[in-house]
2 protein chains.
Amino acid sequence: MENKKFEIRNLKGTFDFLPEKQYVRNQIIDTLKKNFEEYGYLPLETPILNEFDLLKYKYSEGAEILHEVYRLTDQGKRDIGLRYDLTVPFCKVIALNKDLTMPFRRYEIGRVFRDGPVKAGRTREFYQCDVDVVGVDGRFIEIEQMQMVAKSFKELGIDIVIKWNNRKLMTGILEYFGFKVEQFDAVISLIDRLEKISRKELLDEFVKFGLNEEKVNNLLDLFAISLKDYKALAEASVIANLKEGVSECLEIESYIQKLNLQNVCEFSPTLARGLGIYTGTVFEFFDKEKRITSSLGGGGRYNKIITNFMDNGQEYPACGLSFGLEPIYYILSQKVAPSFVDVLIIPMGTEIDSLKIAESLRNAGVKTVVELSGRKVKKAFDYANKQKIKYVMVVGENEINSALYSLKNMETGEQVSLPLEKVLEVLSK
Amino acid sequence: MENKKFEIRNLKGTFDFLPEKQYVRNQIIDTLKKNFEEYGYLPLETPILNEFDLLKYKYSEGAEILHEVYRLTDQGKRDIGLRYDLTVPFCKVIALNKDLTMPFRRYEIGRVFRDGPVKAGRTREFYQCDVDVVGVDGRFIEIEQMQMVAKSFKELGIDIVIKWNNRKLMTGILEYFGFKVEQFDAVISLIDRLEKISRKELLDEFVKFGLNEEKVNNLLDLFAISLKDYKALAEASVIANLKEGVSECLEIESYIQKLNLQNVCEFSPTLARGLGIYTGTVFEFFDKEKRITSSLGGGGRYNKIITNFMDNGQEYPACGLSFGLEPIYYILSQKVAPSFVDVLIIPMGTEIDSLKIAESLRNAGVKTVVELSGRKVKKAFDYANKQKIKYVMVVGENEINSALYSLKNMETGEQVSLPLEKVLEVLSK
């Protein structure tokens, strides 16, 4: 079992998070969790291991993602995949629990796995923080979710812009322009990449659809007009998707104004947000300072997935969104963690008494380390400095006998002698 | 991609945790986390995906566990295993981060995976809650960890017994009895199972070691005497392990008395806690009410693993323990979750105003659901009842215009009309 040549290292695309980093990640997760619960979403947890058949079952994102699924076989020869998102498990839970009270609002924060490209803010094992509700249609819940995104990032201290659009509008424009249904997915995915590819590449791609430069320009112009212009376009048209899409957009736009979200939200007619999942409003949020250019998350309405998944004749309108922990952490990773420990107790041959004192402090929630390695006092003080521990208490026989403890503030150098209840008062602050 | 015959289900040995259950699990995790931090342990997070070579590298638990490792290959043909515990990743982190300040105390709470037998409190994908310190030898830190176990379970509301023993003592007894070193592991694993197998089975097994019934009885007698008797035995012997083991046990026993842990701790000379990992004190904790008979966790001193792992001539004494979330959850699973939501707002055509009111409440931390599905008021009240939501606020034009909101207490039926700041006061309680 020995293997001298093996080099200890992390697998490509996976990372350890040491305490200073994990502190920041925990803070992000706690903030999101708090917001999710304030919006009435309930905690749910699903397994990472899934039957591979479930992962590919009726999910409309397309087979492409299945190439990135980590797949394995257990001792019982079961065909297993690691979950690659939290939406499939959510659909599964709805399907397996027929007695859930609707609307059902849940959040799940957990790791997902994708055997794909590794880059800034993108790893192979990463956290998604998902919030979804099934059983409510309409724009109100969509705007409420956008409101939740705004509130969450305000508390995280990140200025964001929420770009939003509507899939019906996008489809309507394509119909209006004369594309065939079977071309929609390909054209939408091109338009979604508008900002990422060059004009030349774009033209080359559109040649495949039989478009010359003039037509491409016309198409692009059509994706760069205002909501007001779309309204005029829709009024003069008979295309249902265009009419519905515009109407839904106008509704969202009016709520944005009323809820004072106009500084955060930005109508973006080219935003597609992936392929066929979404059926109405879609949105993605970005760092305003562009410290990372990929999105920090996104979501929208998807009325078909769960409906198809259930396949029982009932409709299951749903909408939800996902916060990406990794890109958010990427932005906040420079944050400095405070000291994890409130006080270091250094016993001078009084270890057991010190453990009793420590217990009183810990019972009051004070984070306490007792120096138990038997090293010299000076070394213990060095440790306190390195770990940025604010207070140090040296406990010898005198302190035990007098019940007066000398508490040293390592930042100011000040030292006071106090009875235990006063020590507690200082440390509980 | 469609497969009509596929049945939606969870993989064997994996489970979903719906909100009422997840609430209890989160409470357990939060309680443990709080205690770990009060004892000065820092948060660490490591990947689930690992190079398979790492999982098998120099780990002394033996190759047996490797049969239960989920193993897979990625697109880059890497040989990968899912972590089966949090100790190997801990050792890896120590090895990869040479500049860690010692002693290094960390906790990690996370999922591990074992393709093994499924039973009560034991699943294939489960949580371990691990606390370890590297860089401190001696009994003080061991008793401090036992103290932490006692405090944690007190806060969890579970009466436990911590059974403890010492590996040197156990080895010393075997030497004293005349077993050969190469027999130790097998004999220890038999003794560890004493309470689980019948007398007959035991005798049959010991025949393999050349022991007749009388000798087996002598051996068992030797594992059923008091610490005082071991002391006498050690004093009359030259076996180093016996002497050291007894001395360490007496030290632990005296600290147990001084720290008032005698009602929780129980010296158990047959406790082995697995195979070759441990080098001194070992302990396991059990539910006193025996609602589950397997342990709720355990730990002990292991001075060799990290030392071997590092292989740089330095010693890395370590001790730590693991709480099993699944058996603890098994005991507490009957706990009833309180309502997740503080108030349901039912808008009467005032959705956007209601979203504004909700925002004020949420900014004050009130968990608020706004009824946005457009269903009838009666149905919304039914929903509040089902979800045990304590307060309901119906918001119509009158309420908006008067700025007085009627708040109904669903438990008492009482209804009051209040301005928003008073509503906030009631709901923040």
# chains A, B, ... in the order shown; residues from 1 in each chain; ligands from 1
call {"tool": "select_by_dssp", "arguments": {"residues": "region 50-217 of chain B", "states": "alpha helix (DSSP H)", "output": "JSON, numbers by chain"}}
result
{"B": [52, 53, 54, 55, 56, 87, 88, 89, 90, 91, 92, 93, 94, 95, 96, 139, 140, 141, 142, 143, 144, 145, 146, 147, 148, 149, 150, 151, 152, 153, 154, 155, 156, 167, 168, 169, 170, 171, 172, 173, 174, 175, 176, 177, 184, 185, 186, 187, 188, 189, 190, 191, 192, 199, 200, 201, 202, 203, 204, 205, 206, 207, 213, 214, 215, 216, 217]}
call {"tool": "closest_residue", "arguments": {"among": "B:Gly81, B:Arg167, B:Pro117, B:Phe15", "to": "Leu96 (chain A)", "atoms": "only C-alpha atoms"}}
result
B:Phe15
call {"tool": "closest_atom_pairs", "arguments": {"of": "chain B", "to": "chain A", "cutoff": "7 Å", "atoms": "only C-alpha atoms", "output": "Markdown table"}}
result
| residue | atom | partner | partner_atom | distance |
| --- | --- | --- | --- | --- |
| B:Met1 | CA | A:Lys58 | CA | 6.6 |
| B:Glu2 | CA | A:Lys58 | CA | 5.7 |
| B:Asn3 | CA | A:Tyr57 | CA | 7.0 |
| B:Ile8 | CA | A:Leu54 | CA | 6.6 |
| B:Asn10 | CA | A:Asn50 | CA | 6.7 |
| B:Leu11 | CA | A:Asn50 | CA | 5.7 |
| B:Thr14 | CA | A:Pro47 | CA | 6.1 |
| B:Phe15 | CA | A:Pro47 | CA | 6.3 |
| B:Asp16 | CA | A:Thr46 | CA | 4.6 |
| B:Phe17 | CA | A:Glu45 | CA | 5.1 |
| B:Leu18 | CA | A:Leu44 | CA | 5.2 |
| B:Pro19 | CA | A:Pro43 | CA | 5.0 |
| B:Gln22 | CA | A:Leu44 | CA | 6.0 |
| B:Tyr23 | CA | A:Pro43 | CA | 6.9 |
| B:Glu37 | CA | A:Lys367 | CA | 6.0 |
| B:Glu38 | CA | A:Lys367 | CA | 3.9 |
| B:Tyr39 | CA | A:Thr368 | CA | 5.5 |
| B:Gly40 | CA | A:Val369 | CA | 5.1 |
| B:Leu42 | CA | A:Pro19 | CA | 5.7 |
| B:Pro43 | CA | A:Pro19 | CA | 5.0 |
| B:Leu44 | CA | A:Leu18 | CA | 5.2 |
| B:Glu45 | CA | A:Phe17 | CA | 5.1 |
| B:Thr46 | CA | A:Asp16 | CA | 4.6 |
| B:Pro47 | CA | A:Thr14 | CA | 6.1 |
| B:Asn50 | CA | A:Leu11 | CA | 5.7 |
| B:Glu51 | CA | A:Leu11 | CA | 5.8 |
| B:Leu54 | CA | A:Ile8 | CA | 6.6 |
| B:Lys56 | CA | A:Met1 | CA | 6.9 |
| B:Tyr57 | CA | A:Glu2 | CA | 6.4 |
| B:Lys58 | CA | A:Glu2 | CA | 5.8 |
| B:Tyr70 | CA | A:Asp74 | CA | 6.6 |
| B:Arg71 | CA | A:Leu72 | CA | 6.7 |
| B:Leu72 | CA | A:Leu72 | CA | 5.2 |
| B:Asp74 | CA | A:Tyr70 | CA | 6.6 |
| B:Gln75 | CA | A:Asp115 | CA | 7.0 |
| B:Lys92 | CA | A:Ile8 | CA | 6.9 |
| B:Asp115 | CA | A:Asp74 | CA | 6.8 |
| B:Val136 | CA | A:Ser373 | CA | 4.9 |
| B:Asp137 | CA | A:Ser373 | CA | 6.4 |
| B:Phe140 | CA | A:Leu372 | CA | 6.2 |
| B:Ile141 | CA | A:Leu372 | CA | 6.2 |
| B:Leu259 | CA | A:Lys356 | CA | 6.9 |
| B:Phe340 | CA | A:Leu42 | CA | 6.9 |
| B:Val341 | CA | A:Gly40 | CA | 5.7 |
| B:Lys356 | CA | A:Leu259 | CA | 6.9 |
| B:Arg362 | CA | A:Glu38 | CA | 5.5 |
| B:Gly365 | CA | A:Glu38 | CA | 6.3 |
| B:Val366 | CA | A:Glu38 | CA | 6.0 |
| B:Lys367 | CA | A:Glu38 | CA | 3.9 |
| B:Thr368 | CA | A:Tyr39 | CA | 5.5 |
| B:Val369 | CA | A:Gly40 | CA | 5.1 |
| B:Leu372 | CA | A:Ile141 | CA | 6.2 |
| B:Ser373 | CA | A:Val136 | CA | 4.9 |
call {"tool": "residues_around", "arguments": {"residues": "Val246 (chain A)", "least_positions_apart": "6", "cutoff": "12 Å", "atoms": "only C-alpha atoms", "output": "number ranges by chain"}}
result
A: 165-173, 226-235, 237, 239-240, 252-253, 267, 269, 280-281
call {"tool": "residues_around", "arguments": {"residues": "Arg199 (chain A)", "least_positions_apart": "4", "cutoff": "12 Å", "atoms": "only C-alpha atoms", "output": "list in words"}}
result
Leu190, Ile191, Arg193, Leu194, Glu195, Leu203, Asp204, Glu205, Phe206, Glu213, Val216, Asn217 and Leu220 of chain A
call {"tool": "write_last_selection", "arguments": {"atoms": "N, CA and C atoms", "output": "tab-separated table (two decimals), in the first residue's frame"}}
result
chain	number	residue	atom	x	y	z
A	190	LEU	N	-26.56	31.74	-30.23
A	190	LEU	CA	-25.67	32.72	-30.88
A	190	LEU	C	-25.88	34.12	-30.31
A	191	ILE	N	-27.14	34.49	-30.20
A	191	ILE	CA	-27.46	35.83	-29.70
A	191	ILE	C	-26.98	35.99	-28.26
A	193	ARG	N	-24.43	34.84	-27.11
A	193	ARG	CA	-22.97	35.02	-27.08
A	193	ARG	C	-22.54	36.32	-27.75
A	194	LEU	N	-23.51	37.14	-28.14
A	194	LEU	CA	-23.23	38.40	-28.86
A	194	LEU	C	-22.04	39.17	-28.29
A	195	GLU	N	-22.04	39.32	-26.97
A	195	GLU	CA	-21.01	40.17	-26.36
A	195	GLU	C	-19.66	39.47	-26.27
A	203	LEU	N	-20.99	36.96	-38.10
A	203	LEU	CA	-21.45	36.94	-39.49
A	203	LEU	C	-21.26	35.55	-40.09
A	204	ASP	N	-20.07	34.97	-39.85
A	204	ASP	CA	-19.79	33.63	-40.36
A	204	ASP	C	-20.84	32.63	-39.89
A	205	GLU	N	-21.19	32.74	-38.61
A	205	GLU	CA	-22.16	31.80	-38.05
A	205	GLU	C	-23.53	31.98	-38.70
A	206	PHE	N	-23.90	33.25	-38.90
A	206	PHE	CA	-25.25	33.50	-39.41
A	206	PHE	C	-25.40	33.14	-40.89
A	213	GLU	N	-25.05	39.93	-44.70
A	213	GLU	CA	-24.66	40.94	-43.72
A	213	GLU	C	-25.80	41.90	-43.41
A	216	VAL	N	-28.28	40.24	-41.15
A	216	VAL	CA	-27.75	40.11	-39.79
A	216	VAL	C	-27.86	41.45	-39.07
A	217	ASN	N	-27.52	42.52	-39.78
A	217	ASN	CA	-27.62	43.85	-39.17
A	217	ASN	C	-29.06	44.15	-38.76
A	220	LEU	N	-29.78	42.14	-35.64
A	220	LEU	CA	-29.14	42.70	-34.45
A	220	LEU	C	-29.82	44.00	-34.02
call {"tool": "select_by_dssp", "arguments": {"residues": "region 89-178 of chain B", "states": "strand (DSSP E)", "output": "PyMOL selection string"}}
result
chain B and resi 104-113+125-134+160-166
call {"tool": "residues_around", "arguments": {"residues": "Leu325 (chain B)", "least_positions_apart": "5", "cutoff": "10 Å", "atoms": "only C-alpha atoms", "output": "ChimeraX atom specification"}}
result
/B:25,28-29,32,109-111,121-122,126-129,296-297,330
call {"tool": "residues_around", "arguments": {"residues": "Ile345 (chain B)", "least_positions_apart": "5", "cutoff": "6 Å", "atoms": "only C-alpha atoms", "output": "ChimeraX atom specification"}}
result
/B:370,392-394
call {"tool": "decode", "arguments": {"residues": "region 95-121 of chain A", "atoms": "C-alpha atoms", "output": "mmCIF file, in the first residue's frame"}}
result
data_model
loop_
_atom_site.group_PDB
_atom_site.id
_atom_site.type_symbol
_atom_site.label_atom_id
_atom_site.label_comp_id
_atom_site.auth_asym_id
_atom_site.auth_seq_id
_atom_site.Cartn_x
_atom_site.Cartn_y
_atom_site.Cartn_z
ATOM 1 C CA ALA A 95 -42.327 13.750 -7.879
ATOM 2 C CA LEU A 96 -41.672 11.502 -4.867
ATOM 3 C CA ASN A 97 -43.735 13.506 -2.367
ATOM 4 C CA LYS A 98 -47.241 13.876 -3.710
ATOM 5 C CA ASP A 99 -48.548 15.331 -0.447
ATOM 6 C CA LEU A 100 -46.402 18.476 -0.430
ATOM 7 C CA THR A 101 -48.451 21.593 0.297
ATOM 8 C CA MET A 102 -48.425 23.853 -2.756
ATOM 9 C CA PRO A 103 -46.955 26.315 -3.397
ATOM 10 C CA PHE A 104 -43.777 24.599 -2.198
ATOM 11 C CA ARG A 105 -40.831 26.890 -1.604
ATOM 12 C CA ARG A 106 -37.476 25.353 -0.903
ATOM 13 C CA TYR A 107 -33.842 26.292 -0.840
ATOM 14 C CA GLU A 108 -30.904 23.965 -1.077
ATOM 15 C CA ILE A 109 -27.274 24.930 -0.660
ATOM 16 C CA GLY A 110 -24.901 22.197 -1.655
ATOM 17 C CA ARG A 111 -22.120 20.868 -3.780
ATOM 18 C CA VAL A 112 -22.598 19.873 -7.387
ATOM 19 C CA PHE A 113 -20.062 18.272 -9.693
ATOM 20 C CA ARG A 114 -19.124 18.921 -13.300
ATOM 21 C CA ASP A 115 -16.245 17.392 -15.171
ATOM 22 C CA GLY A 116 -15.809 20.516 -17.298
ATOM 23 C CA PRO A 117 -13.392 23.403 -17.959
ATOM 24 C CA VAL A 118 -11.712 24.982 -14.926
ATOM 25 C CA LYS A 119 -11.322 28.778 -14.724
ATOM 26 C CA ALA A 120 -11.706 31.730 -12.342
ATOM 27 C CA GLY A 121 -14.839 31.194 -10.271
#
